[in-house]
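Here's structure03.txt, which has compact mmCIF, C-alpha atoms:
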```txt
# COMPACT_ATOMS: atom_id res chain seq x y z
CA MET T 154 -31.13 -5.73 -26.86
CA PHE T 155 -33.35 -7.99 -24.78
CA ASP T 156 -36.27 -6.79 -22.76
CA ARG T 157 -35.56 -7.98 -19.21
CA LYS T 158 -39.20 -8.93 -18.52
CA GLU T 159 -39.45 -10.96 -21.73
CA LEU T 160 -36.20 -12.73 -20.91
CA VAL T 161 -37.42 -13.70 -17.44
CA GLU T 162 -40.71 -14.92 -18.92
CA ALA T 163 -38.79 -17.01 -21.48
CA ILE T 164 -36.66 -18.55 -18.74
CA VAL T 165 -39.71 -19.45 -16.65
CA HIS T 166 -41.49 -20.82 -19.73
CA SER T 167 -38.40 -22.87 -20.62
CA ALA T 168 -38.29 -24.32 -17.12
CA ASP T 169 -41.98 -25.23 -17.40
CA LEU T 170 -41.34 -26.97 -20.74
CA SER T 171 -38.06 -28.59 -19.77
CA GLY T 172 -39.23 -32.21 -19.67
CA GLN T 173 -38.17 -32.87 -23.25
CA VAL T 174 -34.64 -31.50 -22.77
CA MET T 175 -33.86 -34.17 -20.18
CA ASP T 176 -32.34 -37.58 -20.81
CA LYS T 177 -34.56 -39.92 -22.81
CA PRO T 178 -36.12 -41.94 -19.93
CA TYR T 179 -37.19 -38.81 -18.08
CA ALA T 180 -38.35 -37.07 -21.27
CA LEU T 181 -40.49 -40.06 -22.24
CA GLU T 182 -42.03 -40.29 -18.76
CA SER T 183 -42.68 -36.54 -18.78
CA GLY T 184 -44.42 -36.81 -22.13
CA LYS T 185 -46.56 -39.71 -20.93
CA MET T 186 -47.64 -37.74 -17.87
CA VAL T 187 -48.69 -34.82 -20.08
CA MET T 188 -50.68 -37.18 -22.33
CA MET T 189 -52.44 -38.58 -19.27
CA GLU T 190 -53.19 -35.05 -18.05
CA PHE T 191 -54.67 -34.17 -21.45
CA HIS T 192 -56.71 -37.39 -21.46
CA ARG T 193 -58.11 -36.63 -18.01
CA GLN T 194 -58.95 -33.09 -19.10
CA HIS T 195 -60.82 -34.51 -22.08
CA LEU T 196 -62.80 -36.82 -19.79
CA ARG T 197 -63.69 -33.87 -17.57
CA GLU T 198 -64.78 -31.78 -20.53
CA VAL T 199 -67.08 -34.59 -21.66
CA ALA T 200 -68.43 -35.21 -18.14
CA GLU T 201 -69.10 -31.53 -17.54
CA ARG T 202 -70.57 -31.05 -21.02
CA LEU T 203 -67.96 -28.45 -21.94
CA PRO T 204 -66.61 -27.89 -25.45
CA VAL T 205 -64.09 -30.64 -26.12
CA THR T 206 -60.50 -29.63 -26.92
CA PRO T 207 -60.09 -31.37 -30.31
CA PHE T 208 -56.50 -32.60 -30.02
CA MET T 209 -57.22 -34.15 -26.63
CA ALA T 210 -60.22 -36.15 -27.83
CA LYS T 211 -58.36 -38.99 -29.56
CA LEU T 212 -55.30 -39.54 -27.39
CA THR T 213 -56.16 -43.20 -26.86
CA ASP T 214 -54.78 -43.72 -30.38
CA PRO T 215 -50.94 -44.06 -30.58
CA LEU T 216 -50.92 -42.17 -33.90
CA GLU T 217 -52.73 -39.23 -32.29
CA GLN T 218 -50.32 -39.32 -29.35
CA ALA T 219 -47.36 -39.17 -31.72
CA LYS T 220 -48.89 -36.34 -33.75
CA CYS T 221 -49.66 -34.39 -30.57
CA GLN T 222 -46.14 -34.88 -29.23
CA LEU T 223 -44.51 -34.01 -32.55
CA GLY T 224 -46.61 -30.86 -32.95
CA PHE T 225 -45.78 -29.76 -29.43
CA LEU T 226 -42.08 -30.34 -30.01
CA VAL T 227 -41.85 -28.75 -33.46
CA TYR T 228 -44.07 -25.71 -32.88
CA VAL T 229 -43.45 -24.95 -29.20
CA VAL T 230 -40.44 -26.64 -27.60
CA VAL T 231 -37.90 -26.55 -30.45
CA PRO T 232 -38.28 -22.81 -31.20
CA LEU T 233 -38.22 -21.93 -27.51
CA TRP T 234 -35.10 -23.96 -26.74
CA ARG T 235 -33.40 -22.86 -29.96
CA ALA T 236 -33.79 -19.25 -28.79
CA MET T 237 -32.62 -20.14 -25.27
CA ALA T 238 -29.50 -21.82 -26.68
CA GLU T 239 -28.76 -18.73 -28.78
CA VAL T 240 -28.97 -16.48 -25.73
CA PHE T 241 -27.34 -18.96 -23.35
CA PRO T 242 -24.82 -21.10 -25.32
CA ASP T 243 -24.38 -23.46 -22.36
CA LEU T 244 -27.92 -24.69 -23.09
CA LEU T 245 -26.99 -26.03 -26.54
CA GLY T 246 -27.07 -29.60 -25.20
CA CYS T 247 -30.65 -29.08 -24.01
CA TYR T 248 -31.66 -27.86 -27.45
CA GLN T 249 -29.94 -30.87 -29.06
CA ASN T 250 -31.89 -33.19 -26.75
CA VAL T 251 -35.13 -31.63 -27.98
CA GLU T 252 -34.06 -32.14 -31.59
CA THR T 253 -33.34 -35.78 -30.72
CA ARG T 254 -36.84 -36.20 -29.24
CA VAL T 255 -38.28 -35.06 -32.59
CA VAL T 256 -36.46 -37.69 -34.65
CA GLU T 257 -37.24 -40.45 -32.12
CA ILE T 258 -40.92 -40.38 -33.14
CA ASP T 259 -41.07 -43.03 -35.84
CA PHE T 260 -44.51 -43.01 -37.45
CA ASP T 261 -43.74 -46.26 -39.27
CA HIS T 262 -43.10 -48.11 -36.00
CA LEU T 263 -45.33 -46.50 -33.41
CA ASP T 264 -45.75 -49.84 -31.66
CA GLN T 265 -42.05 -49.59 -30.78
CA TRP T 266 -41.97 -45.88 -29.92
CA GLN T 267 -41.33 -45.66 -26.21
CA GLY T 268 -43.25 -42.39 -26.01
CA VAL T 269 -46.63 -44.05 -26.55
CA ASN T 270 -48.71 -43.93 -23.39
CA TRP T 271 -50.31 -47.35 -23.48
CA ASP T 272 -51.85 -46.67 -20.05
CA ILE T 273 -54.29 -44.19 -21.59
CA MET T 274 -55.71 -46.99 -23.70
CA LYS T 275 -56.11 -49.17 -20.61
CA THR T 276 -57.83 -46.44 -18.59
CA THR T 277 -61.25 -47.67 -17.65
CA GLU T 278 -61.76 -45.48 -14.60
CA PRO T 279 -65.27 -44.13 -14.42
CA LEU T 280 -65.80 -40.46 -15.04
CA GLN T 281 -66.88 -40.04 -11.42
CA SER T 282 -63.29 -40.60 -10.34
CA VAL T 283 -62.09 -37.95 -12.78
CA VAL T 284 -64.70 -35.38 -11.85
CA ALA T 285 -64.58 -34.88 -8.11
CA PRO T 286 -67.84 -34.00 -6.40
CA PRO T 287 -68.10 -30.46 -5.10
CA PRO T 288 -66.87 -30.03 -1.54
CA THR T 289 -69.45 -29.89 1.22
CA LEU T 290 -69.43 -26.82 3.33
CA LYS T 291 -71.60 -28.16 6.16
CA ARG T 292 -70.33 -30.02 9.18
CA PRO T 293 -71.52 -33.60 9.62
CA SER T 294 -74.63 -33.73 11.80
CA SER T 295 -73.54 -36.76 13.82
CA GLY T 296 -70.43 -37.55 15.79
CA PRO T 297 -68.46 -35.54 18.32
CA THR T 298 -68.23 -31.82 17.83
CA ARG T 299 -65.36 -29.57 18.66
CA GLU T 300 -64.84 -25.87 18.72
CA ARG T 301 -63.73 -24.41 15.45
CA PRO T 302 -62.73 -20.92 14.42
CA SER T 303 -65.47 -18.83 12.89
CA SER T 304 -65.54 -18.66 9.11
CA ALA T 305 -67.40 -17.10 6.24
CA PHE T 306 -69.70 -20.13 6.24
CA ASP T 307 -71.03 -19.58 9.78
CA ASP T 308 -74.24 -18.09 8.39
CA GLU T 309 -75.00 -21.34 6.58
CA PRO T 310 -77.75 -23.42 8.26
CA GLU T 311 -76.57 -26.77 9.55
```

This structure in structure tokens:
Amino acid sequence: MFDRKELVEAIVHSADLSGQVMDKPYALESGKMVMMEFHRQHLREVAERLPVTPFMAKLTDPLEQAKCQLGFLVYVVVPLWRAMAEVFPDLLGCYQNVETRVVEIDFDHLDQWQGVNWDIMKTTEPLQSVVAPPPTLKRPSSGPTRERPSSAFDDEPE
């Protein structure tokens, strides 16, 4: 029998990873957005001198994008959605969509694979735009002032 908590966690996790069960255009766009998120994380790691997450370091290469996507599908999404379809047979179509996403990655013709995020390769934004400066806690010294509620920062000198 299923543990209720584990089942709820699996449902929430499935919802979080549902981009690849959608129709192809949405699934491809979802995958591209994740690649961009990983690329930005890599840029932040470099800018902040943090340990670099290895699989995120080379996502400007279409081959690395395809390998990342395939690994994610095969080792995470397919097993999860296979289990969901076993428990909830109405989700079989979702599982089949995920299986379709796997075979759509054609390593011999990556230039034609619609899942490649070419925008990552065009990204020339400086790291400063990726790493936001820390927020200032002080009020500006010039300009009109207005009453504000007291806060934990009231002890800070202006």

Which one is closest to T:Gln267: T:Ser167, T:Gln249, T:Thr206, T:Gln218? Count all atoms listed in the file.
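Checking each candidate against T:Gln267, we get T:Gln218 as the closest.
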
Kindly indicate which residue among T:Ile273, T:Val255, T:Ala180, T:Val174 lies nearest to T:Leu226, using all atoms listed in the file for the distances.
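Ranking T:Ile273, T:Val255, T:Ala180, T:Val174 by distance to T:Leu226, first place goes to T:Val255.
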
Pick from T:Thr213, T:Thr253, T:Gln194, T:Ser183, whichever lies nearest to T:Gly268 using only C-alpha atoms
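Closest to T:Gly268 of all the choices is T:Ser183.
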
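Rounded to one decimal, atom CA of T:Gly172 and atom CA of T:Phe260 lie 21.5 Å from each other.
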
Using all atoms listed in the file: which of T:Glu257, T:Glu198, T:Glu182, T:Asp243 has the shortest distance to T:Asn270:
T:Glu182

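Atom to atom, atom CA of T:Met175 and atom CA of T:Cys247 stand 7.1 Å apart.
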
Which of these residues is nearest to T:Asp261, using all atoms listed in the file: T:Leu212, T:Ala219, T:Val161, T:Leu196?
T:Ala219

For the point (-42.8, -28.9, -14.1) in the file's frame, write as a PyMOL selection string all residues with an atom no more than 12 Å away, counting only C-alpha atoms.
chain T and resi 165-173+180+183-184+186-187

Quick one: of T:Leu160, T:Val229, T:Leu223, T:Leu245, who's nearest to T:Ile258, counting only C-alpha atoms?
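Smallest distance to T:Ile258 is found for T:Leu223.
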